[in-house]
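Raw contents of final_12.cif, mmCIF, C-alpha atoms and all ligand atoms:
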```
data_target
#
loop_
_atom_site.label_atom_id
_atom_site.label_comp_id
_atom_site.auth_asym_id
_atom_site.auth_seq_id
_atom_site.Cartn_x
_atom_site.Cartn_y
_atom_site.Cartn_z
CA MET E 1 31.87 15.87 28.16
CA ARG E 2 30.34 18.35 25.77
CA GLN E 3 29.68 21.86 26.92
CA LEU E 4 26.45 22.80 28.68
CA LEU E 5 23.67 23.66 26.24
CA CYS E 6 22.24 26.13 28.68
CA LYS E 7 22.81 27.01 32.26
CA LYS E 8 20.00 25.17 33.93
CA THR E 9 19.16 24.96 37.58
CA VAL E 10 17.98 21.73 39.10
CA VAL E 11 16.91 21.34 42.68
CA LEU E 12 15.68 18.17 44.32
CA ARG E 13 12.35 18.35 46.12
CA CYS E 14 10.94 15.69 48.41
CA ALA E 15 7.67 14.33 47.00
CA GLN E 16 6.38 13.82 50.51
CA CYS E 17 7.39 16.76 52.69
CA GLY E 18 8.62 19.28 50.12
CA ARG E 19 12.10 19.70 51.58
CA GLU E 20 14.55 20.91 48.98
CA TYR E 21 18.12 19.87 48.34
CA SER E 22 20.69 21.17 45.94
CA TYR E 23 21.41 18.88 42.99
CA GLU E 24 23.40 15.80 44.03
CA PHE E 25 23.05 11.99 44.02
CA ARG E 26 20.36 11.52 46.62
CA LEU E 27 17.84 8.69 46.70
CA ARG E 28 15.62 9.80 49.57
CA CYS E 29 14.75 12.77 51.74
CA GLU E 30 16.79 12.95 54.93
CA ARG E 31 13.81 14.12 56.93
CA CYS E 32 11.03 11.74 55.86
CA GLY E 33 12.51 9.12 53.51
CA GLY E 34 10.39 10.21 50.55
CA PRO E 35 11.70 10.18 46.98
CA VAL E 36 13.23 13.41 45.74
CA ASP E 37 12.08 14.78 42.41
CA PRO E 38 14.30 16.93 40.23
CA VAL E 39 12.65 20.33 39.74
CA TYR E 40 13.77 22.32 36.72
CA SER E 41 13.59 26.03 36.05
CA LEU E 42 10.69 25.60 33.64
CA GLY E 43 10.70 29.23 32.56
CA ALA E 44 14.15 28.68 31.04
CA VAL E 45 13.49 25.30 29.43
CA GLN E 46 14.30 25.04 25.75
CA LEU E 47 13.71 21.79 23.95
CA VAL E 48 16.02 21.60 20.97
CA GLU E 49 15.44 19.72 17.72
CA SER E 50 17.75 16.75 17.98
CA ALA E 51 17.63 13.03 17.29
CA ASN E 52 19.55 12.56 20.53
CA PRO E 53 17.02 12.40 23.39
CA PHE E 54 19.68 13.57 25.85
CA GLU E 55 20.14 16.70 23.79
CA ARG E 56 16.47 17.24 22.96
CA PHE E 57 15.26 16.86 26.54
CA PHE E 58 18.43 17.99 28.27
CA ASP E 59 16.71 20.81 30.13
CA LEU E 60 14.31 18.26 31.68
CA LEU E 61 16.94 15.74 32.78
CA PRO E 62 19.05 15.52 35.95
CA LEU E 63 22.36 15.79 34.13
CA GLU E 64 24.89 18.58 34.08
CA ASN E 65 26.14 17.86 30.58
CA VAL E 66 24.85 16.15 27.47
CA PRO E 67 26.69 12.82 27.66
CA ASP E 68 28.89 12.19 24.64
CA THR E 69 29.55 8.54 25.49
CA ILE E 70 26.03 7.22 24.82
CA ASP E 71 26.35 6.11 21.20
CA TRP E 72 23.38 3.70 21.02
CA PRO E 73 19.65 4.39 20.52
CA THR E 74 17.94 5.53 23.70
CA GLY E 75 14.63 6.84 22.42
CA ASN E 76 12.68 7.99 19.35
CA THR E 77 10.52 4.88 19.43
CA PRO E 78 7.38 4.77 17.28
CA CYS E 79 4.06 6.05 18.54
CA VAL E 80 1.42 4.63 16.23
CA ARG E 81 -2.27 5.32 15.96
CA SER E 82 -3.73 1.85 15.65
CA ASP E 83 -7.10 2.22 13.97
CA ALA E 84 -7.51 -1.49 13.25
CA LEU E 85 -6.85 -2.47 16.85
CA ALA E 86 -9.06 0.39 18.03
CA ALA E 87 -11.90 -0.84 15.82
CA ALA E 88 -11.43 -4.42 17.00
CA ARG E 89 -11.89 -3.41 20.65
CA ARG E 90 -14.11 -0.36 20.16
CA PHE E 91 -11.70 2.37 21.17
CA GLY E 92 -12.33 5.78 19.69
CA GLU E 93 -8.63 6.58 19.31
CA LEU E 94 -5.84 4.28 20.39
CA TYR E 95 -2.13 5.11 20.34
CA ILE E 96 0.59 2.56 20.98
CA LYS E 97 4.01 3.73 22.14
CA ASP E 98 6.24 0.85 21.10
CA GLU E 99 9.38 0.61 23.19
CA SER E 100 10.34 -2.84 21.91
CA GLY E 101 12.86 -1.59 19.34
CA LEU E 102 15.35 -0.25 21.89
CA PRO E 103 18.67 -2.15 22.06
CA THR E 104 17.73 -4.68 24.76
CA GLY E 105 14.09 -4.57 23.78
CA THR E 106 12.56 -2.53 26.59
CA THR E 107 12.01 1.00 27.86
CA LYS E 108 14.64 0.22 30.51
CA ASP E 109 17.34 1.11 27.97
CA ARG E 110 16.31 4.73 28.47
CA MET E 111 16.90 4.59 32.19
CA ALA E 112 20.15 2.61 32.03
CA ALA E 113 21.71 5.21 29.73
CA CYS E 114 20.63 8.12 31.94
CA VAL E 115 21.70 6.48 35.21
CA LEU E 116 25.11 5.58 33.79
CA ALA E 117 25.56 9.05 32.32
CA GLN E 118 24.79 10.56 35.72
CA PHE E 119 27.14 8.14 37.51
CA ALA E 120 29.90 9.10 35.06
CA GLU E 121 29.33 12.80 35.83
CA LEU E 122 29.45 12.09 39.54
CA GLY E 123 32.58 9.93 39.32
CA ILE E 124 30.79 6.76 40.49
CA GLU E 125 32.76 3.80 39.13
CA SER E 126 30.76 0.83 40.39
CA PHE E 127 27.21 0.20 41.56
CA VAL E 128 24.79 -2.48 42.69
CA ALA E 129 21.30 -3.09 41.28
CA SER E 130 18.59 -5.74 41.27
CA SER E 131 15.62 -6.37 39.01
CA THR E 132 13.24 -8.92 37.58
CA GLY E 133 15.42 -8.92 34.47
CA ASN E 134 14.76 -6.11 32.07
CA SER E 135 16.42 -3.30 34.04
CA SER E 136 19.48 -5.42 34.75
CA THR E 137 19.72 -6.49 31.12
CA ALA E 138 19.64 -2.83 30.11
CA PHE E 139 22.26 -1.92 32.75
CA ALA E 140 24.49 -4.77 31.57
CA PHE E 141 24.24 -3.65 27.95
CA ALA E 142 24.99 -0.02 28.77
CA ALA E 143 27.86 -0.92 31.13
CA ARG E 144 29.44 -3.21 28.50
CA ARG E 145 29.23 -0.46 25.89
CA LEU E 146 30.80 2.11 28.18
CA GLY E 147 33.33 -0.29 29.67
CA THR E 148 34.16 2.28 32.34
CA ILE E 149 31.83 1.22 35.14
CA ASP E 150 31.54 -2.01 37.14
CA VAL E 151 28.05 -3.29 37.77
CA HIS E 152 26.88 -5.91 40.27
CA LEU E 153 23.43 -7.28 39.43
CA PHE E 154 21.37 -9.35 41.85
CA CYS E 155 18.52 -11.69 40.96
CA GLY E 156 16.35 -14.36 42.58
CA VAL E 157 17.02 -17.91 41.48
CA ASP E 158 13.74 -18.18 39.53
CA PHE E 159 14.76 -15.16 37.45
CA VAL E 160 18.19 -16.39 36.30
CA GLY E 161 16.89 -17.13 32.81
CA ARG E 162 15.84 -13.50 32.49
CA HIS E 163 19.41 -12.41 33.26
CA ALA E 164 21.12 -14.50 30.58
CA ASP E 165 22.48 -11.35 28.91
CA CYS E 166 23.92 -9.99 32.15
CA VAL E 167 27.49 -10.92 31.25
CA GLY E 168 30.68 -9.01 30.53
CA ASP E 169 34.08 -8.20 31.97
CA ASN E 170 32.60 -5.39 34.05
CA VAL E 171 29.18 -7.04 34.66
CA HIS E 172 28.80 -9.39 37.66
CA LEU E 173 25.63 -11.43 38.23
CA HIS E 174 24.83 -12.60 41.78
CA VAL E 175 22.10 -15.23 42.12
CA VAL E 176 20.18 -15.29 45.39
CA GLN E 177 18.02 -18.11 46.81
CA GLY E 178 14.62 -16.46 46.95
CA ASP E 179 12.44 -14.07 45.01
CA TYR E 180 12.86 -10.55 43.73
CA VAL E 181 12.48 -9.03 47.19
CA ASP E 182 15.22 -11.29 48.63
CA ALA E 183 17.49 -10.31 45.74
CA SER E 184 16.99 -6.62 46.41
CA HIS E 185 17.83 -7.12 50.11
CA ALA E 186 20.96 -9.07 49.19
CA ALA E 187 21.96 -6.28 46.80
CA ARG E 188 21.54 -3.67 49.53
CA ASP E 189 23.63 -5.71 52.02
CA PHE E 190 26.36 -6.27 49.43
CA ALA E 191 26.51 -2.57 48.62
CA LEU E 192 26.77 -1.66 52.30
CA ALA E 193 29.44 -4.27 53.05
CA ARG E 194 31.59 -3.25 50.05
CA GLY E 195 30.92 0.47 50.21
CA ILE E 196 29.55 0.43 46.65
CA THR E 197 26.76 2.72 45.48
CA ALA E 198 23.30 1.14 45.60
CA GLU E 199 21.58 2.60 42.57
CA GLY E 200 18.21 2.74 44.32
CA GLY E 201 15.65 1.40 41.82
CA PHE E 202 12.46 3.47 41.97
CA PHE E 203 14.19 5.97 44.27
CA ASN E 204 16.83 6.78 41.67
CA ALA E 205 15.48 9.94 40.05
CA ALA E 206 17.62 9.48 36.94
CA ARG E 207 15.69 6.28 36.23
CA ARG E 208 12.31 7.95 36.56
CA GLU E 209 13.29 11.01 34.59
CA ALA E 210 14.58 8.92 31.68
CA LEU E 211 11.45 6.78 31.60
CA LYS E 212 9.23 9.85 31.31
CA LEU E 213 10.75 10.59 27.89
CA ALA E 214 8.69 7.83 26.27
CA TYR E 215 5.62 9.86 27.17
CA LEU E 216 7.03 13.24 26.18
CA GLU E 217 7.95 11.82 22.78
CA ALA E 218 4.41 10.45 22.42
CA PHE E 219 2.80 13.77 23.38
CA ASP E 220 4.93 15.58 20.82
CA GLU E 221 3.64 13.22 18.13
CA MET E 222 -0.01 12.93 19.11
CA PRO E 223 -2.43 15.47 17.62
CA ALA E 224 -3.91 16.22 21.05
CA ALA E 225 -3.48 15.17 24.67
CA PRO E 226 -4.60 11.66 25.57
CA ASP E 227 -7.51 11.33 28.01
CA VAL E 228 -6.01 8.18 29.49
CA VAL E 229 -2.50 6.73 29.69
CA VAL E 230 -1.98 3.06 30.51
CA GLN E 231 1.15 1.26 31.73
CA ALA E 232 2.01 -2.03 33.43
CA VAL E 233 3.51 -1.47 36.88
CA SER E 234 5.96 -3.28 39.08
CA SER E 235 7.49 -0.58 41.31
CA GLY E 236 5.69 2.17 39.41
CA MET E 237 8.86 4.10 38.58
CA GLY E 238 7.90 4.40 34.91
CA ILE E 239 4.45 5.76 35.51
CA TYR E 240 5.64 8.03 38.31
CA GLY E 241 8.24 9.49 35.95
CA ALA E 242 5.50 9.89 33.35
CA TYR E 243 3.40 11.83 35.85
CA ARG E 244 6.27 14.22 36.53
CA GLY E 245 6.83 14.64 32.81
CA MET E 246 3.13 15.34 32.28
CA ARG E 247 3.19 18.06 34.94
CA GLU E 248 6.23 19.61 33.27
CA TYR E 249 4.70 19.45 29.81
CA MET E 250 1.51 21.06 31.09
CA ALA E 251 3.50 23.87 32.66
CA LEU E 252 5.34 24.33 29.35
CA GLY E 253 2.06 24.44 27.42
CA ARG E 254 2.92 21.24 25.52
CA LEU E 255 0.17 19.08 27.06
CA ALA E 256 -3.33 20.49 27.35
CA ARG E 257 -4.49 18.53 30.39
CA MET E 258 -3.52 15.80 32.79
CA PRO E 259 -4.60 12.37 31.49
CA ARG E 260 -6.07 9.77 33.84
CA ILE E 261 -3.33 7.39 34.91
CA VAL E 262 -4.12 3.68 34.68
CA CYS E 263 -1.73 1.15 36.23
CA VAL E 264 -2.00 -2.50 35.22
CA GLN E 265 -0.89 -5.55 37.20
CA GLN E 266 -1.15 -9.27 36.56
CA ALA E 267 -3.99 -10.78 38.64
CA SER E 268 -1.63 -13.36 40.20
CA CYS E 269 0.56 -10.53 41.55
CA ALA E 270 -1.55 -7.45 42.15
CA PRO E 271 -0.61 -6.01 45.55
CA MET E 272 -1.22 -2.44 44.40
CA LEU E 273 -4.68 -3.35 43.19
CA HIS E 274 -5.52 -5.03 46.52
CA ALA E 275 -4.53 -1.89 48.42
CA PHE E 276 -6.23 0.45 45.95
CA ARG E 277 -9.53 -1.43 46.17
CA GLU E 278 -9.51 -0.85 49.91
CA SER E 279 -8.71 2.84 49.31
CA SER E 280 -5.56 2.19 51.29
CA SER E 281 -2.73 4.66 50.72
CA ALA E 282 -0.20 2.07 51.92
CA ILE E 283 0.53 -1.60 51.31
CA GLU E 284 -0.52 -3.63 54.36
CA PRO E 285 0.87 -7.11 55.06
CA HIS E 286 -2.28 -8.78 53.68
CA HIS E 287 -1.79 -7.05 50.30
CA VAL E 288 1.68 -8.55 49.81
CA VAL E 289 1.99 -11.52 47.43
CA PRO E 290 4.79 -13.87 48.51
CA ASN E 291 6.67 -15.69 45.73
CA PRO E 292 4.53 -14.38 42.91
CA LYS E 293 4.15 -16.39 39.71
CA GLY E 294 2.81 -15.43 36.29
CA ILE E 295 3.68 -14.90 32.63
CA ALA E 296 4.22 -11.16 33.03
CA ALA E 297 7.52 -11.86 34.80
CA ALA E 298 8.82 -8.29 34.57
CA ILE E 299 6.08 -7.07 36.89
CA LEU E 300 6.17 -9.88 39.45
CA ARG E 301 6.91 -7.67 42.45
CA GLY E 302 4.86 -8.98 45.32
CA ASP E 303 5.82 -6.30 47.82
CA PRO E 304 5.79 -2.70 46.55
CA THR E 305 5.45 -1.28 50.08
CA GLN E 306 8.13 1.35 49.54
CA THR E 307 6.79 2.78 46.31
CA TYR E 308 3.02 2.28 46.31
CA PRO E 309 2.13 5.39 48.36
CA TYR E 310 3.47 7.62 45.58
CA ILE E 311 1.62 5.64 42.92
CA TYR E 312 -1.60 5.75 44.92
CA ARG E 313 -1.31 9.51 45.13
CA ILE E 314 -0.87 10.12 41.39
CA VAL E 315 -3.57 7.64 40.43
CA ARG E 316 -6.04 9.29 42.80
CA GLU E 317 -5.03 12.79 41.82
CA THR E 318 -5.56 12.10 38.11
CA ASN E 319 -8.83 10.25 38.70
CA GLY E 320 -7.20 7.14 37.30
CA THR E 321 -7.32 3.57 38.48
CA ILE E 322 -5.41 0.34 39.03
CA VAL E 323 -6.59 -2.83 37.30
CA ALA E 324 -5.49 -6.43 37.10
CA VAL E 325 -5.64 -8.75 34.10
CA ASP E 326 -5.32 -12.51 34.02
CA GLU E 327 -3.13 -14.69 31.85
CA ALA E 328 -5.80 -15.23 29.20
CA GLN E 329 -6.35 -11.47 28.85
CA ILE E 330 -2.59 -10.89 28.57
CA ARG E 331 -2.25 -13.58 25.90
CA GLU E 332 -5.16 -12.10 23.96
CA ALA E 333 -3.60 -8.60 24.08
CA TRP E 334 -0.22 -10.04 23.11
CA ASP E 335 -1.84 -11.71 20.11
CA LEU E 336 -3.59 -8.47 19.08
CA LEU E 337 -0.33 -6.52 19.25
CA LEU E 338 1.36 -9.07 17.02
CA ARG E 339 -1.53 -9.37 14.58
CA TYR E 340 -2.35 -5.68 14.17
CA GLU E 341 0.96 -3.95 14.85
CA GLY E 342 3.59 -6.64 14.34
CA ILE E 343 4.86 -6.09 17.89
CA ASP E 344 6.20 -9.18 19.66
CA ALA E 345 5.53 -7.71 23.09
CA ASP E 346 6.88 -8.59 26.50
CA TYR E 347 3.96 -10.12 28.41
CA ALA E 348 4.22 -7.30 30.96
CA ALA E 349 3.90 -4.81 28.14
CA ALA E 350 0.96 -6.72 26.66
CA ALA E 351 -0.70 -6.48 30.09
CA SER E 352 -0.95 -2.70 29.53
CA LEU E 353 -3.09 -3.22 26.44
CA ALA E 354 -5.07 -5.94 28.21
CA GLY E 355 -5.86 -3.47 31.00
CA ALA E 356 -6.98 -0.84 28.51
CA ILE E 357 -9.20 -3.38 26.74
CA ALA E 358 -10.78 -4.45 30.05
CA LEU E 359 -11.56 -0.84 30.99
CA ARG E 360 -12.98 -0.10 27.56
CA ALA E 361 -15.16 -3.23 27.74
CA SER E 362 -16.51 -2.21 31.16
CA GLY E 363 -17.14 1.35 30.01
CA ALA E 364 -14.59 2.82 32.43
CA ILE E 365 -12.85 4.11 29.30
CA ALA E 366 -15.42 5.72 27.00
CA GLU E 367 -15.44 5.31 23.24
CA SER E 368 -14.97 9.05 22.89
CA GLU E 369 -11.64 8.94 24.74
CA ARG E 370 -8.14 9.10 23.31
CA VAL E 371 -5.99 6.39 24.88
CA LEU E 372 -2.21 6.04 24.98
CA VAL E 373 -0.88 2.57 25.85
CA ASN E 374 2.80 2.25 26.65
CA VAL E 375 4.00 -1.07 25.28
CA THR E 376 7.11 -1.02 27.42
CA GLY E 377 9.03 -3.80 25.77
CA GLY E 378 9.37 -6.76 23.48
CA ARG E 379 10.49 -10.33 23.89
CA ARG E 380 14.02 -9.82 22.67
CA THR E 381 15.35 -9.68 26.21
CA ALA E 382 17.03 -12.99 27.04
CA GLY E 383 14.47 -14.22 29.54
CA ASN E 384 11.60 -13.47 27.23
CA ARG E 385 12.93 -15.24 24.18
CA ARG E 386 11.09 -18.34 23.07
CA ASP E 387 14.28 -20.39 23.30
CA VAL E 388 14.72 -19.70 27.02
CA ALA E 389 12.73 -21.83 29.43
C1 LIG A 401 8.64 -4.38 30.08
C2 LIG A 401 8.32 -3.78 31.41
N1 LIG A 401 7.17 -3.09 31.56
C3 LIG A 401 6.84 -2.51 32.72
C4 LIG A 401 7.64 -2.61 33.83
C5 LIG A 401 7.19 -1.94 35.08
O1 LIG A 401 8.19 -1.31 35.77
P1 LIG A 401 8.03 -0.16 36.86
O2 LIG A 401 6.61 -0.20 37.36
O3 LIG A 401 9.00 -0.53 37.92
O4 LIG A 401 8.33 1.09 36.15
C6 LIG A 401 8.84 -3.33 33.74
C7 LIG A 401 9.75 -3.49 34.90
O5 LIG A 401 10.73 -4.16 34.87
C8 LIG A 401 9.20 -3.90 32.49
O6 LIG A 401 10.34 -4.56 32.33
ZN ZN A 402 10.76 14.62 52.93
#
```
Let me see the file written as structure tokens.
Ligand SMILES: Cc1ncc(COP(=O)(O)O)c(C=O)c1O
Ligand SMILES: [Zn+2]
Amino acid sequence: MRQLLCKKTVVLRCAQCGREYSYEFRLRCERCGGPVDPVYSLGAVQLVESANPFERFFDLLPLENVPDTIDWPTGNTPCVRSDALAAARRFGELYIKDESGLPTGTTKDRMAACVLAQFAELGIESFVASSTGNSSTAFAFAARRLGTIDVHLFCGVDFVGRHADCVGDNVHLHVVQGDYVDASHAARDFALARGITAEGGFFNAARREALKLAYLEAFDEMPAAPDVVVQAVSSGMGIYGAYRGMREYMALGRLARMPRIVCVQQASCAPMLHAFRESSSAIEPHHVVPNPKGIAAAILRGDPTQTYPYIYRIVRETNGTIVAVDEAQIREAWDLLLRYEGIDADYAAAASLAGAIALRASGAIAESERVLVNVTGGRRTAGNRRDVA
């Protein structure tokens, strides 16, 4: 480990009841089960000029040292102003944050590097995770590169194709009969039975904090704060991290105002939208989508009961919204990204643009507004490649 850049203080604060904990690996609040957010001493934050995101944003990350083992790209993705695309769909100003160039092709490479760096600091040598494919692919890549940590990845049988790159001496793939939710339960049981760390998904703060960096990078490049930010959601960990980052950047004077947060789901799997339309702050059984299907495979999470309340809160607070887009809208957005920006997007990532287009068409996003769309990934990930069924 390299030496500390500065002596920072990090406490963990429950997003639900406010209880504070000293910095440690903790997924949930002991008192109420809420997620715990790292809170930094913002008055002492210094962002340094560095091409290494862990160095540049170190003071805003839940790490005690800048990791010196992460020797692959984990950020600095392009944020482009797309005037042609904006003109085609009547946006005033449209910015695309393109996460597809990261090593496994998605924004999840940011979180895998941060989670593994934190586990290394804490002496955690093996862990269990589950995903619809992109997170696990990123974990597998990072674990292979480090070679020092054992990872057990769980997936539902329909998602095996999306885990084709989850191989390696220290990478173990477990296939479960059932969907994503069944896989995550199997992962939890396995972790308990073996006494291995369950990495926690949305509830792992290192994941959320790493994902926020895509937004902080974009804000640093944009000439002014966006009015609206748009991202496809599954658990919502990415957009929740972004919200925390936006609060921090506002406090630091680096972001002028809080943008409206727009979450996008695929219409065939839109439990958050169902709940949001009823102004429900929780997922009820009738919102859940069993065995969801759709082209935006990365966001096919039919039951976000555990995470939705926190997403509902930030969407309401920022005067944002949740929308759903159908397959035709996703394909159209995918085509636009390829044609105008040369981005071969993950369908989940294309859904973000499709959602922005739908809101612009309905007038919910005005022409005068500056919009930032997070294109969270490309189709390089195994399960997204054309050659994989
Ligand atoms: C490409 C891509 N975009 C968006 C998401 C949404 O993830 P979450 O809402 O859990 O941050 C995922 C999740 O796997 C993804 O792979
Ligand atoms: Zn609490």
Closest of E:Val230, E:Cys269, E:Ala224, E:Cys32 to E:Arg257 - atom-to-atom distances counting only C-alpha atoms: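 For E:Arg257, the nearest of the given residues is E:Ala224.
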Using all atoms listed in the file, find each residue of chain E with at least one atom at most 6 Å away from an atom of ligand LIG 401 (chain A); report its shortest atom-to-atom pair and that distance in Å (one decimal), sort the rows by chain and rising residue number, and return the result as a tab-separated table.
```
residue	atom	partner	partner_atom	distance
E:Thr106	CA	A:LIG401	C1	5.6
E:Asn134	CA	A:LIG401	O6	4.7
E:Ser135	CA	A:LIG401	O5	5.8
E:Ala232	CA	A:LIG401	C3	4.9
E:Val233	CA	A:LIG401	O2	3.4
E:Ser234	CA	A:LIG401	O2	3.6
E:Ser235	CA	A:LIG401	O3	3.7
E:Gly236	CA	A:LIG401	O2	3.3
E:Met237	CA	A:LIG401	O4	3.9
E:Gly238	CA	A:LIG401	O4	3.6
E:Ala298	CA	A:LIG401	O5	4.6
E:Ile299	CA	A:LIG401	C7	5.5
E:Asp346	CA	A:LIG401	C1	5.8
E:Ala348	CA	A:LIG401	N1	5.2
E:Ala349	CA	A:LIG401	N1	5.0
E:Thr376	CA	A:LIG401	C1	4.6
E:Gly377	CA	A:LIG401	C1	4.4
```
Best match for closeness to E:Ala251 among E:Gly355, E:Gly43, E:Pro223, E:Pro53, counting only C-alpha atoms: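 Using only C-alpha atoms, E:Ala251 sits closest to E:Gly43.
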Quick one: what's the axis-aligned box for stretch 47-58 of chain E, all listed atoms, 6 Å on every side, centre and edges in Å to one decimal, as lines of an AutoDock Vina configuration file?
```
center_x = 16.9
center_y = 17.1
center_z = 22.8
size_x = 18.4
size_y = 21.4
size_z = 23.0
```
Near-ligand residues for ligand ZN 402 (chain A), threshold 6 Å, all atoms listed in the file, as number ranges by chain: E: 14, 16-19, 29, 31-34
Shell of 7 Å around E:Gln46, all atoms listed in the file, local chain residues under 2 positions omitted, as a PyMOL selection string: chain E and resi 44+48+59
All residues 12 Å or closer to E:Val39, all atoms listed in the file, same chain fewer than 5 positions away omitted, as a VMD selection string: chain E and resid 8 to 15 18 to 23 45 59 to 62 205 209 244 to 245 247 to 248
Spatial neighbours of stretch 331-338 of chain E, max dist 6 Å, only C-alpha atoms, sep filter under 5 positions, as number ranges by chain: E: 343-344, 350, 353-354
Between atom CA of E:Phe219 and atom CA of E:Ile311, distance in Å (one decimal):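 Atom-to-atom, atom CA of E:Phe219 to atom CA of E:Ile311, that is 21.2 Å.
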Nearby residues, (14.7, -10.3, 35.6) file frame, 7 Å, all atoms listed in the file, as a list in words: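 Returned residue set, sorted by chain then number, is Ser131, Thr132, Gly133, Asn134, Ser136, Cys155, Phe159, Arg162, His163 and Ala298 of chain E.
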Which polymer residues, whether protein, DNA or RNA, lie within 12 Å of the coordinate (8.0, 15.4, 18.4) when you count only C-alpha atoms? List them as a PDB file with C-alpha atoms, in the frame of the given file, using the chain letters and numbers from the file.
```pdb
ATOM      1  CA  LEU E  47      13.710  21.790  23.950  1.00  0.00           C
ATOM      2  CA  VAL E  48      16.020  21.600  20.970  1.00  0.00           C
ATOM      3  CA  GLU E  49      15.440  19.720  17.720  1.00  0.00           C
ATOM      4  CA  SER E  50      17.750  16.750  17.980  1.00  0.00           C
ATOM      5  CA  ALA E  51      17.630  13.030  17.290  1.00  0.00           C
ATOM      6  CA  PRO E  53      17.020  12.400  23.390  1.00  0.00           C
ATOM      7  CA  ARG E  56      16.470  17.240  22.960  1.00  0.00           C
ATOM      8  CA  PHE E  57      15.260  16.860  26.540  1.00  0.00           C
ATOM      9  CA  GLY E  75      14.630   6.840  22.420  1.00  0.00           C
ATOM     10  CA  ASN E  76      12.680   7.990  19.350  1.00  0.00           C
ATOM     11  CA  THR E  77      10.520   4.880  19.430  1.00  0.00           C
ATOM     12  CA  PRO E  78       7.380   4.770  17.280  1.00  0.00           C
ATOM     13  CA  CYS E  79       4.060   6.050  18.540  1.00  0.00           C
ATOM     14  CA  LEU E 213      10.750  10.590  27.890  1.00  0.00           C
ATOM     15  CA  ALA E 214       8.690   7.830  26.270  1.00  0.00           C
ATOM     16  CA  TYR E 215       5.620   9.860  27.170  1.00  0.00           C
ATOM     17  CA  LEU E 216       7.030  13.240  26.180  1.00  0.00           C
ATOM     18  CA  GLU E 217       7.950  11.820  22.780  1.00  0.00           C
ATOM     19  CA  ALA E 218       4.410  10.450  22.420  1.00  0.00           C
ATOM     20  CA  PHE E 219       2.800  13.770  23.380  1.00  0.00           C
ATOM     21  CA  ASP E 220       4.930  15.580  20.820  1.00  0.00           C
ATOM     22  CA  GLU E 221       3.640  13.220  18.130  1.00  0.00           C
ATOM     23  CA  MET E 222      -0.010  12.930  19.110  1.00  0.00           C
ATOM     24  CA  PRO E 223      -2.430  15.470  17.620  1.00  0.00           C
ATOM     25  CA  ARG E 254       2.920  21.240  25.520  1.00  0.00           C
TER      26      ARG E 254
END
```
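In terms of minimum interatomic distance to E:His172, E:Ser130 ranks closest within E:Ser362, E:Gln329, E:Ser130, E:Asn319, counting only C-alpha atoms.
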Minimum-distance residue to E:Ala129, chosen among E:Val176, E:Ala187, E:Val288, E:Cys263 (using only C-alpha atoms): E:Ala187
Selected residue, from E:Val315, E:Met250, E:Ala117, E:Ala364, that lies nearest to E:Val66 when counting all atoms listed in the file: E:Ala117
Start from the incomplete input, build N, CA and C atoms for stretch 67-77 of chain E, and deliver everything as a tab-separated table (two decimals), in the frame of the given file.
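Final output, part.tsv:
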```tsv
chain	number	residue	atom	x	y	z
E	67	PRO	N	25.62	13.83	27.69
E	67	PRO	CA	26.69	12.82	27.66
E	67	PRO	C	27.13	12.54	26.22
E	68	ASP	N	28.44	12.47	26.01
E	68	ASP	CA	28.89	12.19	24.64
E	68	ASP	C	29.37	10.75	24.51
E	69	THR	N	29.11	9.94	25.53
E	69	THR	CA	29.55	8.54	25.49
E	69	THR	C	28.42	7.60	25.11
E	70	ILE	N	27.18	8.10	25.10
E	70	ILE	CA	26.03	7.22	24.82
E	70	ILE	C	25.84	7.19	23.29
E	71	ASP	N	26.37	6.14	22.67
E	71	ASP	CA	26.35	6.11	21.20
E	71	ASP	C	25.39	5.04	20.68
E	72	TRP	N	24.37	4.69	21.47
E	72	TRP	CA	23.38	3.70	21.02
E	72	TRP	C	21.99	4.33	21.16
E	73	PRO	N	20.98	3.77	20.48
E	73	PRO	CA	19.65	4.39	20.52
E	73	PRO	C	19.04	4.34	21.92
E	74	THR	N	18.55	5.48	22.36
E	74	THR	CA	17.94	5.53	23.70
E	74	THR	C	16.55	6.16	23.66
E	75	GLY	N	15.97	6.26	22.49
E	75	GLY	CA	14.63	6.84	22.42
E	75	GLY	C	14.15	6.88	20.99
E	76	ASN	N	13.25	7.85	20.70
E	76	ASN	CA	12.68	7.99	19.35
E	76	ASN	C	11.97	6.73	18.89
E	77	THR	N	11.27	6.10	19.79
E	77	THR	CA	10.52	4.88	19.43
E	77	THR	C	9.20	5.28	18.77
```
